[in-house]
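In what follows, a structure is listed as structure tokens, so that the remarks can point back to it.
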Amino acid sequence: MKHRIIVLGAGYTGAVAAGRLARRLHREDVTITLVNTEPDFIERVRLHQLAAGQDLRPRPFSEMFAGTGVELKLAKVTAVDVDRRAVTVTDANGARELAYDSLVYALGSGWNTQGVPGTAEHAHDITGRPGAMRLRERLAGLGAGAPVVVVGGGLTGLEAATEIAEARPDLDVALAARGALGDWLSPKGRGHVRRVCARLGITVHENTAVTGVEADHVTTADGRPVPAAVTVWTTGFAVHPIAKATTLEVDGTGRIVVDGTMRSVSHPDVYAIGDAALAMGPGDKPLRMSCASGTPTAWQAADSIAARLTGGKLPDMPLRYFNQCISLGRRDGLIQYVTADDRSVRAALIGRFAALYKELVCKGAAWGVANPLLGMPTRGRRLAQAAASPAVHESV
């Protein structure tokens, strides 16, 4: 009987893990099922471009996984029973259960309204393709001079504000940041972000907490209204709620607690990767939700599963950071170099070369999904005899 592996979610991490597993393991010994709601791979790091009116290259999974043995199941995950090793999914034919022997949980994260009144009703998000398309349509319908407020001064907020301002110079774009603009960046990085915002005509509201969102304005903590025909909410991410509804050990936000191999500390048949995992990096600090840390966790999980099933050596790849890549429109950018635990250092690359660097990173990330072993030659290994039988899988 083949060992059944189910991967939930086909973002960067889930898609990479599925493809890497398919190349690490022999097809006669395993089945790999990738569950996702959409038939195409969505480049999440480019959704601000999509919202600003640009078209992204289609990347159908049917082409990306052709010949790999990965089976794509278009469905929505509605429940996970980690004690029975079963996943409930719903598609056009209704609900059904899928049994697994090993589960890779990569459902990731979505919009986090932070509980601010009016956000869910009036603001827009760009954490997924549907939200980005709704924002795209709304922005296209705005006339010259219409005010747009981007709430959140982190990476997503900076990219969204600068992309919209560059694509639509006729709009009145503002950015509301809870702290100082780019306060986590180096002096060189902060200075460059300020110059770009000034060049693009972006009004920056620093040290400004937004406490309410209405159809035509946002309200700040001091009671001041800021006009907003469109509000874009980018104040962080919330993990998918399904894990918290299971018996998996999770933290207060619902992230699955894992060991260094991305294996659940409470359920050894479950691996969590990307934004769904509470994985520790250098200095025993949790990795932040990002593509930069997500893809290495996918490599770690896939290689760990393959090693345990085939009797190989467990991977010992350090999970660390190198830089933060920020696009500031299509012709400008910032590459902020950081320590292994993600603290900014003095060095930073700015301007056109930084924009080209970020573009290469984005293209490389998408290429890595379709080429999960980074071009390295490999042959699928056969499963160890004990691992081949689901009945004794817990002992693997």
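Numbering starts fresh at 1 for the residues of each chain in the structure tokens, the chains themselves are lettered A, B, ... in the order given, and ligands are numbered from 1 as they appear.
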
Identify all residues of segment 184-383 of chain A in helix (DSSP H, G or I) (DSSP on the backbone) and supply them as an MDAnalysis selection string. chainID A and resid 187:199 243:245 274:276 282:284 291:310 352:370

Keeping only C-alpha atoms, write the selected residues as an mmCIF file, in the first residue's frame.
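This went into again_33.cif:
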data_model
loop_
_atom_site.group_PDB
_atom_site.id
_atom_site.type_symbol
_atom_site.label_atom_id
_atom_site.label_comp_id
_atom_site.auth_asym_id
_atom_site.auth_seq_id
_atom_site.Cartn_x
_atom_site.Cartn_y
_atom_site.Cartn_z
ATOM 1 C CA PRO A 187 19.432 55.076 8.257
ATOM 2 C CA LYS A 188 20.240 54.651 4.560
ATOM 3 C CA GLY A 189 17.100 52.586 4.027
ATOM 4 C CA ARG A 190 14.850 55.000 5.933
ATOM 5 C CA GLY A 191 16.211 57.957 4.040
ATOM 6 C CA HIS A 192 15.606 56.304 0.688
ATOM 7 C CA VAL A 193 12.023 55.361 1.560
ATOM 8 C CA ARG A 194 11.321 58.970 2.551
ATOM 9 C CA ARG A 195 12.751 60.289 -0.702
ATOM 10 C CA VAL A 196 10.712 57.848 -2.782
ATOM 11 C CA CYS A 197 7.483 58.728 -0.973
ATOM 12 C CA ALA A 198 8.199 62.425 -1.502
ATOM 13 C CA ARG A 199 8.980 61.879 -5.181
ATOM 14 C CA ALA A 243 -5.275 24.486 12.838
ATOM 15 C CA LYS A 244 -6.555 26.169 15.988
ATOM 16 C CA ALA A 245 -9.729 24.078 15.753
ATOM 17 C CA GLY A 274 5.394 28.829 6.002
ATOM 18 C CA ASP A 275 3.102 31.243 7.799
ATOM 19 C CA ALA A 276 1.226 28.342 9.421
ATOM 20 C CA PRO A 282 18.559 32.261 15.045
ATOM 21 C CA GLY A 283 18.562 33.503 18.625
ATOM 22 C CA ASP A 284 15.563 31.266 19.321
ATOM 23 C CA CYS A 291 8.361 34.251 1.646
ATOM 24 C CA ALA A 292 11.988 34.603 2.768
ATOM 25 C CA SER A 293 11.482 32.226 5.670
ATOM 26 C CA GLY A 294 8.597 30.224 4.230
ATOM 27 C CA THR A 295 10.384 28.571 1.324
ATOM 28 C CA PRO A 296 13.275 27.232 3.454
ATOM 29 C CA THR A 297 10.733 25.675 5.828
ATOM 30 C CA ALA A 298 9.184 23.894 2.837
ATOM 31 C CA TRP A 299 12.583 22.498 1.862
ATOM 32 C CA GLN A 300 13.180 21.428 5.447
ATOM 33 C CA ALA A 301 9.829 19.666 5.797
ATOM 34 C CA ALA A 302 10.013 17.857 2.437
ATOM 35 C CA ASP A 303 13.541 16.650 3.039
ATOM 36 C CA SER A 304 12.677 15.588 6.601
ATOM 37 C CA ILE A 305 9.672 13.561 5.456
ATOM 38 C CA ALA A 306 11.736 11.931 2.712
ATOM 39 C CA ALA A 307 14.547 11.133 5.136
ATOM 40 C CA ARG A 308 12.254 9.561 7.714
ATOM 41 C CA LEU A 309 10.431 7.476 5.112
ATOM 42 C CA THR A 310 13.552 6.247 3.364
ATOM 43 C CA ARG A 352 17.148 50.970 -9.909
ATOM 44 C CA PHE A 353 19.599 48.175 -9.110
ATOM 45 C CA ALA A 354 17.537 47.307 -6.035
ATOM 46 C CA ALA A 355 14.407 47.135 -8.195
ATOM 47 C CA LEU A 356 16.162 44.749 -10.584
ATOM 48 C CA TYR A 357 17.379 42.680 -7.640
ATOM 49 C CA LYS A 358 13.840 42.400 -6.253
ATOM 50 C CA GLU A 359 12.523 41.417 -9.669
ATOM 51 C CA LEU A 360 15.085 38.634 -9.887
ATOM 52 C CA VAL A 361 14.077 37.448 -6.403
ATOM 53 C CA CYS A 362 10.410 37.322 -7.432
ATOM 54 C CA LYS A 363 11.185 35.440 -10.632
ATOM 55 C CA GLY A 364 13.481 33.097 -8.738
ATOM 56 C CA ALA A 365 10.796 32.331 -6.170
ATOM 57 C CA ALA A 366 8.305 31.418 -8.897
ATOM 58 C CA TRP A 367 10.927 29.355 -10.734
ATOM 59 C CA GLY A 368 11.708 27.534 -7.502
ATOM 60 C CA VAL A 369 8.095 26.357 -7.222
ATOM 61 C CA ALA A 370 8.342 24.570 -10.552
#

Long-range neighbours of Asp40 of chain A as a list of chain:residue names, 7 Å cut-off, only C-alpha atoms, 2 positions minimum in chain: A:Glu38, A:Ile42, A:Pro58, A:Arg59, A:Pro60, A:Phe61

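If only C-alpha atoms are the atoms counted, then among A:Ala132, A:Val218, A:Ala66, A:Met280 the closest residue to Val116 of chain A is A:Val218.
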
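When the distance limit is 12 Å and only C-alpha atoms are what count, the residues near Phe237 of chain A, minus those fewer than 5 positions from it on the same chain, are A:Gly108, A:Ser109, A:Gly110, A:Trp111, A:Asn112, A:Thr113, A:Gln114, A:Asp125, A:Ile126, A:Thr127, A:Gly128, A:Gly152, A:Gly154, A:Leu155, A:Thr156, A:Thr253, A:Gly254, A:Arg255, A:Asp275, A:Ala276, A:Arg288, A:Met289, A:Ser290.
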
Prev. selection, C-alpha atoms, output as a PDB file, in the first residue's frame:
ATOM      1  CA  GLY A 108      -0.715  30.036   5.274  1.00  0.00           C
ATOM      2  CA  SER A 109      -2.163  33.355   6.299  1.00  0.00           C
ATOM      3  CA  GLY A 110      -4.670  35.950   5.228  1.00  0.00           C
ATOM      4  CA  TRP A 111      -6.046  39.336   6.085  1.00  0.00           C
ATOM      5  CA  ASN A 112      -5.808  40.593   9.653  1.00  0.00           C
ATOM      6  CA  THR A 113      -8.251  43.406  10.409  1.00  0.00           C
ATOM      7  CA  GLN A 114      -6.861  43.685  13.952  1.00  0.00           C
ATOM      8  CA  ASP A 125      -6.855  43.641   1.321  1.00  0.00           C
ATOM      9  CA  ILE A 126      -4.176  42.243  -0.968  1.00  0.00           C
ATOM     10  CA  THR A 127      -3.346  39.000   0.838  1.00  0.00           C
ATOM     11  CA  GLY A 128      -4.968  36.950  -1.915  1.00  0.00           C
ATOM     12  CA  GLY A 152       0.245  49.869   7.660  1.00  0.00           C
ATOM     13  CA  GLY A 154       5.454  47.536   6.959  1.00  0.00           C
ATOM     14  CA  LEU A 155       6.766  45.867   3.821  1.00  0.00           C
ATOM     15  CA  THR A 156       3.332  45.272   2.288  1.00  0.00           C
ATOM     16  CA  THR A 253      -2.213  33.104  17.117  1.00  0.00           C
ATOM     17  CA  GLY A 254      -2.986  29.615  15.820  1.00  0.00           C
ATOM     18  CA  ARG A 255       0.456  28.819  14.372  1.00  0.00           C
ATOM     19  CA  ASP A 275       3.102  31.243   7.799  1.00  0.00           C
ATOM     20  CA  ALA A 276       1.226  28.342   9.421  1.00  0.00           C
ATOM     21  CA  ARG A 288       8.250  36.085  10.773  1.00  0.00           C
ATOM     22  CA  MET A 289       5.588  35.397   8.190  1.00  0.00           C
ATOM     23  CA  SER A 290       7.353  35.918   4.884  1.00  0.00           C
TER      24      SER A 290
END

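Here atom CA of Lys76 of chain A is placed at a distance of 7.5 Å from atom CA of Val35 of chain A.
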
From the options A:Val258, A:Met1, A:Ala22, A:Val204, which residue's atoms come nearest to Gly67 of chain A, counting only C-alpha atoms? A:Ala22

Pairwise distance, atom CA of Val213 of chain A with atom CA of Leu139 of chain A, equals 17.4 Å

Which one is closest to Leu287 of chain A: A:Leu135, A:Val77, A:Leu319, A:Leu98? Count only C-alpha atoms. A:Leu319

Could you go through segment 64-164 of chain A and tell me which residues DSSP, when run on the backbone, assigns to strand (DSSP E or B), listing them as a PDB file with C-alpha atoms, in the first residue's frame?
ATOM      1  CA  VAL A  70       1.622  15.286  -7.911  1.00  0.00           C
ATOM      2  CA  GLU A  71      -2.183  15.149  -8.048  1.00  0.00           C
ATOM      3  CA  LEU A  72      -3.879  18.543  -7.762  1.00  0.00           C
ATOM      4  CA  LYS A  73      -7.280  18.511  -6.084  1.00  0.00           C
ATOM      5  CA  LEU A  74      -9.226  21.744  -6.520  1.00  0.00           C
ATOM      6  CA  LYS A  76     -11.509  24.070  -0.118  1.00  0.00           C
ATOM      7  CA  VAL A  77     -10.201  22.591   3.117  1.00  0.00           C
ATOM      8  CA  THR A  78     -12.977  22.797   5.699  1.00  0.00           C
ATOM      9  CA  ALA A  79     -11.664  20.614   8.532  1.00  0.00           C
ATOM     10  CA  VAL A  80      -8.677  18.569   9.647  1.00  0.00           C
ATOM     11  CA  ASP A  81      -8.917  15.648  12.076  1.00  0.00           C
ATOM     12  CA  ALA A  86      -8.362  12.773   7.780  1.00  0.00           C
ATOM     13  CA  VAL A  87      -8.960  16.018   5.918  1.00  0.00           C
ATOM     14  CA  THR A  88     -12.412  17.242   4.913  1.00  0.00           C
ATOM     15  CA  VAL A  89     -12.555  19.129   1.622  1.00  0.00           C
ATOM     16  CA  THR A  90     -15.413  20.648  -0.339  1.00  0.00           C
ATOM     17  CA  ASP A  91     -15.609  21.042  -4.101  1.00  0.00           C
ATOM     18  CA  GLY A  94     -19.839  18.408  -2.183  1.00  0.00           C
ATOM     19  CA  ALA A  95     -17.824  17.442   0.881  1.00  0.00           C
ATOM     20  CA  ARG A  96     -15.607  14.394   1.217  1.00  0.00           C
ATOM     21  CA  GLU A  97     -12.823  13.072   3.411  1.00  0.00           C
ATOM     22  CA  LEU A  98      -9.254  12.384   2.345  1.00  0.00           C
ATOM     23  CA  ALA A  99      -7.163  10.032   4.476  1.00  0.00           C
ATOM     24  CA  SER A 102       1.673  12.224   6.361  1.00  0.00           C
ATOM     25  CA  LEU A 103       0.204  15.714   6.232  1.00  0.00           C
ATOM     26  CA  VAL A 104       1.927  18.937   5.197  1.00  0.00           C
ATOM     27  CA  TYR A 105      -0.082  21.883   6.489  1.00  0.00           C
ATOM     28  CA  SER A 109      -2.163  33.355   6.299  1.00  0.00           C
ATOM     29  CA  GLY A 110      -4.670  35.950   5.228  1.00  0.00           C
ATOM     30  CA  TRP A 111      -6.046  39.336   6.085  1.00  0.00           C
ATOM     31  CA  ALA A 123     -11.300  48.331   3.551  1.00  0.00           C
ATOM     32  CA  HIS A 124      -9.510  46.313   0.882  1.00  0.00           C
ATOM     33  CA  PRO A 147      -7.885  59.964  -1.900  1.00  0.00           C
ATOM     34  CA  VAL A 148      -6.425  56.513  -1.252  1.00  0.00           C
ATOM     35  CA  VAL A 149      -5.133  55.593   2.201  1.00  0.00           C
ATOM     36  CA  VAL A 150      -2.838  52.619   2.777  1.00  0.00           C
ATOM     37  CA  VAL A 151      -2.902  51.617   6.444  1.00  0.00           C
TER      38      VAL A 151
END

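Separating atom CA of Tyr100 of chain A from atom CA of Val82 of chain A is a distance of 9.5 Å.
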
Selected residue of minimal separation from Ala10 of chain A among A:Ala238, A:Ile273, A:Ser186, A:Trp233, counting only C-alpha atoms: A:Ile273

Residue with the minimum atom-to-atom distance to Leu200 of chain A, picked from A:Met133, A:Ala165, A:Ala140, A:Val265 with only C-alpha atoms counted, is A:Ala165

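Using only C-alpha atoms, the shortest contact distance between Gly69 of chain A and any of A:Gly329, A:Gly19, A:Gly351, A:Gly145 is found at A:Gly19.
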